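Novice: The file below is run-v1.cif, mmCIF, N, CA and C atoms:
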data_start
loop_
_atom_site.label_atom_id
_atom_site.label_comp_id
_atom_site.auth_asym_id
_atom_site.auth_seq_id
_atom_site.Cartn_x
_atom_site.Cartn_y
_atom_site.Cartn_z
N MET A 30 -11.13 4.06 1.55
CA MET A 30 -11.88 2.93 2.00
C MET A 30 -11.19 2.35 3.22
N CYS A 31 -11.87 1.50 3.95
CA CYS A 31 -11.34 0.98 5.20
C CYS A 31 -11.76 -0.47 5.38
N PRO A 32 -11.10 -1.19 6.30
CA PRO A 32 -11.43 -2.60 6.49
C PRO A 32 -12.84 -2.86 7.02
N ALA A 33 -13.37 -1.97 7.88
CA ALA A 33 -14.68 -2.21 8.48
C ALA A 33 -15.60 -1.03 8.25
N ALA A 34 -16.88 -1.30 8.03
CA ALA A 34 -17.85 -0.24 7.80
C ALA A 34 -17.97 0.66 9.02
N GLY A 35 -18.13 1.96 8.75
CA GLY A 35 -18.37 2.90 9.84
C GLY A 35 -17.13 3.38 10.57
N THR A 36 -15.94 3.01 10.11
CA THR A 36 -14.74 3.42 10.84
C THR A 36 -13.98 4.53 10.15
N LEU A 37 -14.48 5.06 9.06
CA LEU A 37 -13.77 6.07 8.30
C LEU A 37 -14.76 7.10 7.77
N THR A 38 -14.40 8.35 7.88
CA THR A 38 -15.18 9.41 7.25
C THR A 38 -14.33 10.00 6.16
N ALA A 39 -14.80 9.93 4.95
CA ALA A 39 -14.08 10.47 3.81
C ALA A 39 -14.65 11.84 3.47
N TYR A 40 -13.82 12.69 2.86
CA TYR A 40 -14.26 14.02 2.49
C TYR A 40 -13.97 14.28 1.02
N ASP A 41 -14.90 14.96 0.37
CA ASP A 41 -14.74 15.44 -0.99
C ASP A 41 -14.59 16.95 -0.86
N HIS A 42 -13.37 17.43 -0.85
CA HIS A 42 -13.05 18.82 -0.52
C HIS A 42 -13.49 19.06 0.92
N VAL A 43 -14.49 19.89 1.17
CA VAL A 43 -14.93 20.13 2.53
C VAL A 43 -16.26 19.44 2.83
N ASP A 44 -16.85 18.81 1.82
CA ASP A 44 -18.11 18.10 2.02
C ASP A 44 -17.82 16.65 2.36
N GLU A 45 -18.58 16.11 3.31
CA GLU A 45 -18.39 14.72 3.68
C GLU A 45 -18.72 13.83 2.49
N GLY A 46 -17.83 12.92 2.19
CA GLY A 46 -18.02 12.01 1.07
C GLY A 46 -18.49 10.65 1.55
N GLY A 47 -18.59 9.74 0.65
CA GLY A 47 -19.04 8.40 0.99
C GLY A 47 -17.92 7.57 1.59
N THR A 48 -18.31 6.49 2.19
CA THR A 48 -17.33 5.53 2.71
C THR A 48 -17.65 4.17 2.12
N ARG A 49 -16.65 3.35 2.01
CA ARG A 49 -16.86 1.98 1.55
C ARG A 49 -15.78 1.11 2.16
N THR A 50 -16.05 -0.18 2.17
CA THR A 50 -15.07 -1.12 2.69
C THR A 50 -14.30 -1.74 1.52
N VAL A 51 -13.16 -2.33 1.82
CA VAL A 51 -12.40 -2.98 0.75
C VAL A 51 -13.17 -4.14 0.15
N ASP A 52 -14.00 -4.78 0.94
CA ASP A 52 -14.79 -5.91 0.42
C ASP A 52 -15.83 -5.45 -0.60
N ASP A 53 -16.25 -4.19 -0.51
CA ASP A 53 -17.24 -3.64 -1.43
C ASP A 53 -16.62 -2.97 -2.65
N ALA A 54 -15.31 -2.82 -2.65
CA ALA A 54 -14.64 -2.07 -3.72
C ALA A 54 -14.19 -3.00 -4.85
N ASP A 55 -14.26 -2.49 -6.06
CA ASP A 55 -13.81 -3.21 -7.24
C ASP A 55 -12.43 -2.66 -7.63
N PRO A 56 -11.37 -3.46 -7.50
CA PRO A 56 -10.04 -2.96 -7.85
C PRO A 56 -9.97 -2.42 -9.28
N GLY A 57 -10.76 -2.95 -10.18
CA GLY A 57 -10.76 -2.50 -11.56
C GLY A 57 -11.33 -1.10 -11.76
N ALA A 58 -11.99 -0.58 -10.74
CA ALA A 58 -12.59 0.75 -10.83
C ALA A 58 -11.59 1.86 -10.48
N PHE A 59 -10.37 1.48 -10.13
CA PHE A 59 -9.36 2.45 -9.71
C PHE A 59 -8.22 2.48 -10.72
N ASP A 60 -7.63 3.66 -10.90
CA ASP A 60 -6.50 3.82 -11.81
C ASP A 60 -5.17 3.67 -11.08
N ALA A 61 -5.19 3.81 -9.77
CA ALA A 61 -3.97 3.73 -8.96
C ALA A 61 -4.37 3.45 -7.53
N LEU A 62 -3.40 3.05 -6.73
CA LEU A 62 -3.63 2.78 -5.31
C LEU A 62 -2.60 3.53 -4.50
N VAL A 63 -3.06 4.31 -3.51
CA VAL A 63 -2.17 5.02 -2.60
C VAL A 63 -2.47 4.52 -1.20
N LEU A 64 -1.46 3.95 -0.56
CA LEU A 64 -1.60 3.46 0.80
C LEU A 64 -1.01 4.49 1.75
N PRO A 65 -1.81 4.98 2.71
CA PRO A 65 -1.33 6.02 3.61
C PRO A 65 -0.32 5.47 4.61
N GLY A 66 0.55 6.35 5.06
CA GLY A 66 1.58 5.96 5.99
C GLY A 66 1.11 5.94 7.44
N GLY A 67 2.08 5.76 8.30
CA GLY A 67 1.82 5.68 9.73
C GLY A 67 2.01 4.25 10.21
N VAL A 68 2.64 4.12 11.36
CA VAL A 68 2.89 2.79 11.91
C VAL A 68 1.58 2.05 12.16
N VAL A 69 0.63 2.73 12.77
CA VAL A 69 -0.64 2.06 13.10
C VAL A 69 -1.40 1.69 11.84
N ASN A 70 -1.49 2.61 10.87
CA ASN A 70 -2.20 2.30 9.62
C ASN A 70 -1.62 1.07 8.95
N GLY A 71 -0.31 1.06 8.76
CA GLY A 71 0.33 -0.07 8.09
C GLY A 71 0.11 -1.38 8.82
N ASP A 72 0.21 -1.34 10.14
CA ASP A 72 0.08 -2.55 10.93
C ASP A 72 -1.36 -3.08 10.93
N VAL A 73 -2.33 -2.18 11.03
CA VAL A 73 -3.74 -2.60 11.04
C VAL A 73 -4.16 -3.10 9.66
N VAL A 74 -3.80 -2.37 8.62
CA VAL A 74 -4.24 -2.73 7.27
C VAL A 74 -3.61 -4.04 6.82
N ARG A 75 -2.34 -4.28 7.15
CA ARG A 75 -1.71 -5.53 6.70
C ARG A 75 -2.33 -6.76 7.35
N ALA A 76 -3.00 -6.59 8.47
CA ALA A 76 -3.64 -7.72 9.15
C ALA A 76 -5.01 -8.04 8.57
N ASP A 77 -5.50 -7.22 7.65
CA ASP A 77 -6.82 -7.42 7.06
C ASP A 77 -6.70 -8.19 5.74
N ALA A 78 -7.25 -9.39 5.69
CA ALA A 78 -7.14 -10.23 4.49
C ALA A 78 -7.77 -9.58 3.27
N GLY A 79 -8.89 -8.88 3.45
CA GLY A 79 -9.54 -8.21 2.33
C GLY A 79 -8.67 -7.11 1.75
N ALA A 80 -7.98 -6.39 2.60
CA ALA A 80 -7.08 -5.34 2.12
C ALA A 80 -5.93 -5.96 1.33
N GLY A 81 -5.39 -7.07 1.81
CA GLY A 81 -4.32 -7.74 1.09
C GLY A 81 -4.77 -8.21 -0.28
N ALA A 82 -5.96 -8.75 -0.35
CA ALA A 82 -6.50 -9.21 -1.64
C ALA A 82 -6.69 -8.03 -2.59
N PHE A 83 -7.17 -6.91 -2.06
CA PHE A 83 -7.37 -5.72 -2.89
C PHE A 83 -6.03 -5.22 -3.44
N VAL A 84 -5.02 -5.16 -2.58
CA VAL A 84 -3.69 -4.71 -3.00
C VAL A 84 -3.11 -5.65 -4.07
N ARG A 85 -3.26 -6.97 -3.86
CA ARG A 85 -2.78 -7.94 -4.85
C ARG A 85 -3.48 -7.74 -6.19
N ALA A 86 -4.79 -7.54 -6.15
CA ALA A 86 -5.55 -7.36 -7.39
C ALA A 86 -5.09 -6.10 -8.12
N CYS A 87 -4.87 -5.01 -7.40
CA CYS A 87 -4.40 -3.77 -8.04
C CYS A 87 -3.01 -3.99 -8.63
N SER A 88 -2.15 -4.64 -7.89
CA SER A 88 -0.79 -4.88 -8.37
C SER A 88 -0.80 -5.81 -9.58
N ASP A 89 -1.58 -6.88 -9.50
CA ASP A 89 -1.67 -7.83 -10.62
C ASP A 89 -2.21 -7.17 -11.89
N ALA A 90 -3.06 -6.16 -11.71
CA ALA A 90 -3.63 -5.45 -12.86
C ALA A 90 -2.65 -4.42 -13.43
N GLY A 91 -1.50 -4.25 -12.79
CA GLY A 91 -0.50 -3.32 -13.27
C GLY A 91 -0.76 -1.88 -12.90
N GLU A 92 -1.67 -1.65 -11.95
CA GLU A 92 -1.95 -0.29 -11.52
C GLU A 92 -0.78 0.26 -10.73
N PRO A 93 -0.50 1.56 -10.85
CA PRO A 93 0.54 2.15 -10.01
C PRO A 93 0.16 2.04 -8.53
N VAL A 94 1.13 1.71 -7.70
CA VAL A 94 0.90 1.59 -6.27
C VAL A 94 1.91 2.45 -5.54
N ALA A 95 1.43 3.33 -4.67
CA ALA A 95 2.30 4.17 -3.85
C ALA A 95 2.05 3.81 -2.39
N ALA A 96 3.12 3.69 -1.63
CA ALA A 96 3.01 3.36 -0.21
C ALA A 96 3.98 4.24 0.56
N THR A 97 3.46 5.06 1.46
CA THR A 97 4.31 5.98 2.21
C THR A 97 4.58 5.45 3.61
N CYS A 98 5.67 5.91 4.18
CA CYS A 98 6.05 5.62 5.56
C CYS A 98 6.05 4.12 5.83
N HIS A 99 5.15 3.63 6.69
CA HIS A 99 5.10 2.21 7.05
C HIS A 99 4.10 1.41 6.21
N ALA A 100 3.48 2.02 5.23
CA ALA A 100 2.53 1.30 4.37
C ALA A 100 3.16 0.18 3.55
N PRO A 101 4.48 0.17 3.27
CA PRO A 101 5.03 -0.98 2.57
C PRO A 101 4.83 -2.31 3.30
N TRP A 102 4.56 -2.27 4.60
CA TRP A 102 4.20 -3.51 5.31
C TRP A 102 3.01 -4.17 4.64
N VAL A 103 2.06 -3.36 4.15
CA VAL A 103 0.88 -3.89 3.48
C VAL A 103 1.30 -4.59 2.19
N LEU A 104 2.25 -4.01 1.47
CA LEU A 104 2.74 -4.63 0.23
C LEU A 104 3.45 -5.94 0.51
N VAL A 105 4.21 -5.99 1.60
CA VAL A 105 4.88 -7.23 2.00
C VAL A 105 3.85 -8.30 2.30
N GLU A 106 2.85 -7.95 3.09
CA GLU A 106 1.81 -8.92 3.47
C GLU A 106 1.04 -9.40 2.25
N ALA A 107 0.83 -8.53 1.27
CA ALA A 107 0.11 -8.89 0.05
C ALA A 107 1.00 -9.66 -0.93
N ASP A 108 2.27 -9.81 -0.61
CA ASP A 108 3.24 -10.54 -1.43
C ASP A 108 3.36 -9.96 -2.83
N VAL A 109 3.53 -8.63 -2.89
CA VAL A 109 3.66 -7.98 -4.20
C VAL A 109 4.99 -7.25 -4.38
N VAL A 110 5.95 -7.48 -3.48
CA VAL A 110 7.24 -6.77 -3.61
C VAL A 110 8.35 -7.63 -4.18
N ARG A 111 8.14 -8.93 -4.27
CA ARG A 111 9.17 -9.84 -4.79
C ARG A 111 9.63 -9.39 -6.18
N GLY A 112 10.93 -9.19 -6.33
CA GLY A 112 11.48 -8.78 -7.61
C GLY A 112 11.36 -7.30 -7.93
N ARG A 113 10.78 -6.53 -7.04
CA ARG A 113 10.63 -5.09 -7.26
C ARG A 113 11.77 -4.33 -6.59
N ARG A 114 11.89 -3.03 -6.92
CA ARG A 114 12.97 -2.20 -6.38
C ARG A 114 12.40 -0.97 -5.68
N PRO A 115 11.77 -1.15 -4.53
CA PRO A 115 11.17 0.00 -3.83
C PRO A 115 12.19 0.79 -3.01
N THR A 116 11.82 2.01 -2.69
CA THR A 116 12.51 2.75 -1.65
C THR A 116 11.70 2.52 -0.38
N SER A 117 12.27 2.88 0.77
CA SER A 117 11.58 2.53 2.00
C SER A 117 12.05 3.37 3.17
N TRP A 118 11.18 3.48 4.14
CA TRP A 118 11.56 3.99 5.45
C TRP A 118 12.61 3.02 5.99
N PRO A 119 13.69 3.51 6.61
CA PRO A 119 14.79 2.62 7.01
C PRO A 119 14.39 1.39 7.83
N SER A 120 13.44 1.53 8.74
CA SER A 120 13.11 0.39 9.61
C SER A 120 12.33 -0.70 8.89
N LEU A 121 11.88 -0.46 7.66
CA LEU A 121 11.15 -1.48 6.90
C LEU A 121 12.01 -2.20 5.88
N GLN A 122 13.22 -1.75 5.68
CA GLN A 122 14.06 -2.30 4.62
C GLN A 122 14.32 -3.80 4.79
N THR A 123 14.55 -4.26 6.00
CA THR A 123 14.78 -5.69 6.22
C THR A 123 13.54 -6.50 5.87
N ASP A 124 12.37 -6.00 6.26
CA ASP A 124 11.13 -6.70 5.93
C ASP A 124 10.94 -6.80 4.42
N LEU A 125 11.23 -5.73 3.71
CA LEU A 125 11.10 -5.73 2.26
C LEU A 125 12.10 -6.69 1.61
N ARG A 126 13.34 -6.67 2.09
CA ARG A 126 14.35 -7.60 1.54
C ARG A 126 13.94 -9.05 1.81
N ASN A 127 13.46 -9.33 3.02
CA ASN A 127 13.03 -10.69 3.36
C ASN A 127 11.86 -11.14 2.49
N ALA A 128 11.09 -10.19 1.97
CA ALA A 128 9.96 -10.51 1.10
C ALA A 128 10.37 -10.56 -0.37
N GLY A 129 11.67 -10.41 -0.65
CA GLY A 129 12.15 -10.56 -2.02
C GLY A 129 12.37 -9.28 -2.79
N ALA A 130 12.26 -8.13 -2.14
CA ALA A 130 12.49 -6.85 -2.82
C ALA A 130 13.97 -6.50 -2.80
N ALA A 131 14.40 -5.74 -3.78
CA ALA A 131 15.76 -5.19 -3.83
C ALA A 131 15.63 -3.71 -3.48
N VAL A 132 15.73 -3.39 -2.20
CA VAL A 132 15.49 -2.04 -1.71
C VAL A 132 16.53 -1.07 -2.24
N ARG A 133 16.04 0.07 -2.75
CA ARG A 133 16.93 1.14 -3.22
C ARG A 133 17.05 2.20 -2.15
N ARG A 134 18.17 2.88 -2.13
CA ARG A 134 18.40 3.92 -1.12
C ARG A 134 17.86 5.28 -1.55
N ARG A 135 17.64 5.47 -2.85
CA ARG A 135 17.16 6.77 -3.34
C ARG A 135 15.87 6.59 -4.12
N ALA A 136 15.03 7.62 -4.07
CA ALA A 136 13.79 7.60 -4.82
C ALA A 136 14.07 7.83 -6.31
N GLY A 137 13.09 7.52 -7.12
CA GLY A 137 13.21 7.73 -8.56
C GLY A 137 12.97 6.42 -9.29
N PRO A 138 12.82 6.51 -10.59
CA PRO A 138 12.55 5.28 -11.34
C PRO A 138 13.75 4.34 -11.31
N PRO A 139 13.50 3.05 -11.28
CA PRO A 139 14.61 2.11 -11.30
C PRO A 139 15.37 2.19 -12.62
N PRO A 140 16.61 1.76 -12.66
CA PRO A 140 17.38 1.80 -13.90
C PRO A 140 16.63 1.12 -15.05
N GLY A 141 16.70 1.71 -16.21
CA GLY A 141 16.06 1.12 -17.38
C GLY A 141 14.62 1.50 -17.57
N ARG A 142 14.09 2.40 -16.71
CA ARG A 142 12.67 2.79 -16.85
C ARG A 142 12.55 4.25 -17.11
#
Could you express the structure from this file as structure tokens?
Specialist:
Amino acid sequence: MCPAAGTLTAYDHVDEGGTRTVDDADPGAFDALVLPGGVVNGDVVRADAGAGAFVRACSDAGEPVAATCHAPWVLVEADVVRGRRPTSWPSLQTDLRNAGAAVRRRAGPPPGR
């Protein structure tokens, strides 16, 4: 899904799939959330209030959330990293710490999980 209608073409294998905006999506209809990486993706998506609300709703519902590369910026903007222990691309670690996260240097489940 994307912030604005008509800006994304989704595919179901090799067939063109449907598109929808975050404003039209129901966070409860998803089992998990994967935020794609890339500097531009993270920067554009974090500026969209609807995307932030969607991310907050998924996080509040306890759904697994994965964010690659620069996508953790979206998590910071959605205010869902406070008290969490994410891993991160090195240039985002300060942003995550400033948002209340305890950044880990290695991937894997946090201690005790």
Novice: Run the PyMOL selection byres (((chain A and resi 79-84 and name CA) around 7) and name CA) mentally over the shown coordinates, then write out the matched residues as a VMD selection string, using the chain letters and numbers from the document.
Specialist: chain A and resid 32 51 to 52 56 74 to 75 77 to 78 85 to 88 103 106 to 107
Novice: Using N, CA and C atoms, can you write the selected residues to a file as a PDB file, keeping the file's coordinate frame?
Specialist:
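As a result, again_5.pdb now contains:
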ATOM      1  N   PRO A  32     -11.100  -1.190   6.300  1.00  0.00           N
ATOM      2  CA  PRO A  32     -11.430  -2.600   6.490  1.00  0.00           C
ATOM      3  C   PRO A  32     -12.840  -2.860   7.020  1.00  0.00           C
ATOM      4  N   VAL A  51     -13.160  -2.330   1.820  1.00  0.00           N
ATOM      5  CA  VAL A  51     -12.400  -2.980   0.750  1.00  0.00           C
ATOM      6  C   VAL A  51     -13.170  -4.140   0.150  1.00  0.00           C
ATOM      7  N   ASP A  52     -14.000  -4.780   0.940  1.00  0.00           N
ATOM      8  CA  ASP A  52     -14.790  -5.910   0.420  1.00  0.00           C
ATOM      9  C   ASP A  52     -15.830  -5.450  -0.600  1.00  0.00           C
ATOM     10  N   PRO A  56     -11.370  -3.460  -7.500  1.00  0.00           N
ATOM     11  CA  PRO A  56     -10.040  -2.960  -7.850  1.00  0.00           C
ATOM     12  C   PRO A  56      -9.970  -2.420  -9.280  1.00  0.00           C
ATOM     13  N   VAL A  74      -3.800  -2.370   8.620  1.00  0.00           N
ATOM     14  CA  VAL A  74      -4.240  -2.730   7.270  1.00  0.00           C
ATOM     15  C   VAL A  74      -3.610  -4.040   6.820  1.00  0.00           C
ATOM     16  N   ARG A  75      -2.340  -4.280   7.150  1.00  0.00           N
ATOM     17  CA  ARG A  75      -1.710  -5.530   6.700  1.00  0.00           C
ATOM     18  C   ARG A  75      -2.330  -6.760   7.350  1.00  0.00           C
ATOM     19  N   ASP A  77      -5.500  -7.220   7.650  1.00  0.00           N
ATOM     20  CA  ASP A  77      -6.820  -7.420   7.060  1.00  0.00           C
ATOM     21  C   ASP A  77      -6.700  -8.190   5.740  1.00  0.00           C
ATOM     22  N   ALA A  78      -7.250  -9.390   5.690  1.00  0.00           N
ATOM     23  CA  ALA A  78      -7.140 -10.230   4.490  1.00  0.00           C
ATOM     24  C   ALA A  78      -7.770  -9.580   3.270  1.00  0.00           C
ATOM     25  N   ARG A  85      -3.260  -6.970  -3.860  1.00  0.00           N
ATOM     26  CA  ARG A  85      -2.780  -7.940  -4.850  1.00  0.00           C
ATOM     27  C   ARG A  85      -3.480  -7.740  -6.190  1.00  0.00           C
ATOM     28  N   ALA A  86      -4.790  -7.540  -6.150  1.00  0.00           N
ATOM     29  CA  ALA A  86      -5.550  -7.360  -7.390  1.00  0.00           C
ATOM     30  C   ALA A  86      -5.090  -6.100  -8.120  1.00  0.00           C
ATOM     31  N   CYS A  87      -4.870  -5.010  -7.400  1.00  0.00           N
ATOM     32  CA  CYS A  87      -4.400  -3.770  -8.040  1.00  0.00           C
ATOM     33  C   CYS A  87      -3.010  -3.990  -8.630  1.00  0.00           C
ATOM     34  N   SER A  88      -2.150  -4.640  -7.890  1.00  0.00           N
ATOM     35  CA  SER A  88      -0.790  -4.880  -8.370  1.00  0.00           C
ATOM     36  C   SER A  88      -0.800  -5.810  -9.580  1.00  0.00           C
ATOM     37  N   VAL A 103       2.060  -3.360   4.150  1.00  0.00           N
ATOM     38  CA  VAL A 103       0.880  -3.890   3.480  1.00  0.00           C
ATOM     39  C   VAL A 103       1.300  -4.590   2.190  1.00  0.00           C
ATOM     40  N   GLU A 106       2.850  -7.950   3.090  1.00  0.00           N
ATOM     41  CA  GLU A 106       1.810  -8.920   3.470  1.00  0.00           C
ATOM     42  C   GLU A 106       1.040  -9.400   2.250  1.00  0.00           C
ATOM     43  N   ALA A 107       0.830  -8.530   1.270  1.00  0.00           N
ATOM     44  CA  ALA A 107       0.110  -8.890   0.050  1.00  0.00           C
ATOM     45  C   ALA A 107       1.000  -9.660  -0.930  1.00  0.00           C
TER      46      ALA A 107
END
Novice: Nearest residue to Pro115 (chain A) out of A:Val73, A:Trp102, A:Arg133, A:Asp60, using only C-alpha atoms?
Specialist: A:Arg133
Novice: Run the PyMOL selection byres ((chain A and resi 66) around 5) on the file and write out the hits as a short mmCIF file (atom, residue, chain, number, x, y, z; two decimals) with N, CA and C atoms, in the frame of the given file.
Specialist:
data_model
loop_
_atom_site.label_atom_id
_atom_site.label_comp_id
_atom_site.auth_asym_id
_atom_site.auth_seq_id
_atom_site.Cartn_x
_atom_site.Cartn_y
_atom_site.Cartn_z
N LEU A 64 -1.46 3.95 -0.56
CA LEU A 64 -1.60 3.46 0.80
C LEU A 64 -1.01 4.49 1.75
N PRO A 65 -1.81 4.98 2.71
CA PRO A 65 -1.33 6.02 3.61
C PRO A 65 -0.32 5.47 4.61
N GLY A 67 2.08 5.76 8.30
CA GLY A 67 1.82 5.68 9.73
C GLY A 67 2.01 4.25 10.21
N VAL A 68 2.64 4.12 11.36
CA VAL A 68 2.89 2.79 11.91
C VAL A 68 1.58 2.05 12.16
N THR A 97 3.46 5.06 1.46
CA THR A 97 4.31 5.98 2.21
C THR A 97 4.58 5.45 3.61
N CYS A 98 5.67 5.91 4.18
CA CYS A 98 6.05 5.62 5.56
C CYS A 98 6.05 4.12 5.83
N HIS A 99 5.15 3.63 6.69
CA HIS A 99 5.10 2.21 7.05
C HIS A 99 4.10 1.41 6.21
N ALA A 100 3.48 2.02 5.23
CA ALA A 100 2.53 1.30 4.37
C ALA A 100 3.16 0.18 3.55
#
Novice: From a backbone DSSP assignment, name each residue in region 70-99 of chain A labelled helix (DSSP H, G or I), as a PyMOL selection string.
Specialist: chain A and resi 70-75+78-89
Novice: Keeping N, CA and C atoms, export the residues of the selection given above as a compact mmCIF listing (two decimals), keeping the file's coordinate frame.
Specialist:
# COMPACT_ATOMS: atom_id res chain seq x y z
N ASN A 70 -1.49 2.61 10.87
CA ASN A 70 -2.20 2.30 9.62
C ASN A 70 -1.62 1.07 8.95
N GLY A 71 -0.31 1.06 8.76
CA GLY A 71 0.33 -0.07 8.09
C GLY A 71 0.11 -1.38 8.82
N ASP A 72 0.21 -1.34 10.14
CA ASP A 72 0.08 -2.55 10.93
C ASP A 72 -1.36 -3.08 10.93
N VAL A 73 -2.33 -2.18 11.03
CA VAL A 73 -3.74 -2.60 11.04
C VAL A 73 -4.16 -3.10 9.66
N VAL A 74 -3.80 -2.37 8.62
CA VAL A 74 -4.24 -2.73 7.27
C VAL A 74 -3.61 -4.04 6.82
N ARG A 75 -2.34 -4.28 7.15
CA ARG A 75 -1.71 -5.53 6.70
C ARG A 75 -2.33 -6.76 7.35
N ALA A 78 -7.25 -9.39 5.69
CA ALA A 78 -7.14 -10.23 4.49
C ALA A 78 -7.77 -9.58 3.27
N GLY A 79 -8.89 -8.88 3.45
CA GLY A 79 -9.54 -8.21 2.33
C GLY A 79 -8.67 -7.11 1.75
N ALA A 80 -7.98 -6.39 2.60
CA ALA A 80 -7.08 -5.34 2.12
C ALA A 80 -5.93 -5.96 1.33
N GLY A 81 -5.39 -7.07 1.81
CA GLY A 81 -4.32 -7.74 1.09
C GLY A 81 -4.77 -8.21 -0.28
N ALA A 82 -5.96 -8.75 -0.35
CA ALA A 82 -6.50 -9.21 -1.64
C ALA A 82 -6.69 -8.03 -2.59
N PHE A 83 -7.17 -6.91 -2.06
CA PHE A 83 -7.37 -5.72 -2.89
C PHE A 83 -6.03 -5.22 -3.44
N VAL A 84 -5.02 -5.16 -2.58
CA VAL A 84 -3.69 -4.71 -3.00
C VAL A 84 -3.11 -5.65 -4.07
N ARG A 85 -3.26 -6.97 -3.86
CA ARG A 85 -2.78 -7.94 -4.85
C ARG A 85 -3.48 -7.74 -6.19
N ALA A 86 -4.79 -7.54 -6.15
CA ALA A 86 -5.55 -7.36 -7.39
C ALA A 86 -5.09 -6.10 -8.12
N CYS A 87 -4.87 -5.01 -7.40
CA CYS A 87 -4.40 -3.77 -8.04
C CYS A 87 -3.01 -3.99 -8.63
N SER A 88 -2.15 -4.64 -7.89
CA SER A 88 -0.79 -4.88 -8.37
C SER A 88 -0.80 -5.81 -9.58
N ASP A 89 -1.58 -6.88 -9.50
CA ASP A 89 -1.67 -7.83 -10.62
C ASP A 89 -2.21 -7.17 -11.89
Novice: Which residue is closest to Phe59 (chain A)? Choose from A:Ala34, A:Pro93, A:Thr116, A:Gly71 and count only C-alpha atoms.
Specialist: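 Nearest to Phe59 (chain A): A:Pro93.
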Novice: So how many Å separate CA of Thr50 (chain A) and CA of Ala95 (chain A), to one decimal?
Specialist: 19.3 Å
Novice: Please indicate the distance in Å from CA of Asp53 (chain A) to CA of Glu92 (chain A), rounded to one decimal place.
Specialist: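 So the two atoms, CA of Asp53 (chain A) and CA of Glu92 (chain A), lie 18.6 Å apart.
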Novice: May I ask for the distance between CA of Val94 (chain A) and atom N of Ala61 (chain A), given in Å to one decimal place?
Specialist: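 According to the coordinates, CA of Val94 (chain A) and atom N of Ala61 (chain A) are separated by 7.4 Å.
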Novice: Counting all atoms listed in the file, which residue out of A:Gln122, A:Gly112, A:Arg135, A:Ala96 sits closest to Val63 (chain A)?
Specialist: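 With all atoms listed in the file as the atom set, the closest residue is A:Ala96.
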Novice: Would you mind completing region 86-90 of chain A so that it carries all heavy atoms, and writing it out as an mmCIF file, in the frame of the given file?
Specialist:
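This went into part17.cif:
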data_model
loop_
_atom_site.group_PDB
_atom_site.id
_atom_site.type_symbol
_atom_site.label_atom_id
_atom_site.label_comp_id
_atom_site.auth_asym_id
_atom_site.auth_seq_id
_atom_site.Cartn_x
_atom_site.Cartn_y
_atom_site.Cartn_z
ATOM 1 N N ALA A 86 -4.790 -7.540 -6.150
ATOM 2 C CA ALA A 86 -5.550 -7.360 -7.390
ATOM 3 C C ALA A 86 -5.090 -6.100 -8.120
ATOM 4 O O ALA A 86 -4.927 -6.117 -9.345
ATOM 5 C CB ALA A 86 -7.048 -7.290 -7.086
ATOM 6 N N CYS A 87 -4.870 -5.010 -7.400
ATOM 7 C CA CYS A 87 -4.400 -3.770 -8.040
ATOM 8 C C CYS A 87 -3.010 -3.990 -8.630
ATOM 9 O O CYS A 87 -2.742 -3.576 -9.766
ATOM 10 C CB CYS A 87 -4.375 -2.631 -7.027
ATOM 11 S SG CYS A 87 -6.012 -2.050 -6.537
ATOM 12 N N SER A 88 -2.150 -4.640 -7.890
ATOM 13 C CA SER A 88 -0.790 -4.880 -8.370
ATOM 14 C C SER A 88 -0.800 -5.810 -9.580
ATOM 15 O O SER A 88 -0.119 -5.557 -10.573
ATOM 16 C CB SER A 88 0.066 -5.481 -7.248
ATOM 17 O OG SER A 88 1.359 -5.746 -7.700
ATOM 18 N N ASP A 89 -1.580 -6.880 -9.500
ATOM 19 C CA ASP A 89 -1.670 -7.830 -10.620
ATOM 20 C C ASP A 89 -2.210 -7.170 -11.890
ATOM 21 O O ASP A 89 -1.860 -7.579 -12.993
ATOM 22 C CB ASP A 89 -2.548 -9.028 -10.243
ATOM 23 C CG ASP A 89 -1.914 -9.942 -9.207
ATOM 24 O OD1 ASP A 89 -0.704 -9.788 -8.913
ATOM 25 O OD2 ASP A 89 -2.641 -10.813 -8.679
ATOM 26 N N ALA A 90 -3.060 -6.160 -11.710
ATOM 27 C CA ALA A 90 -3.630 -5.450 -12.860
ATOM 28 C C ALA A 90 -2.650 -4.420 -13.430
ATOM 29 O O ALA A 90 -2.944 -3.772 -14.429
ATOM 30 C CB ALA A 90 -4.926 -4.753 -12.457
#
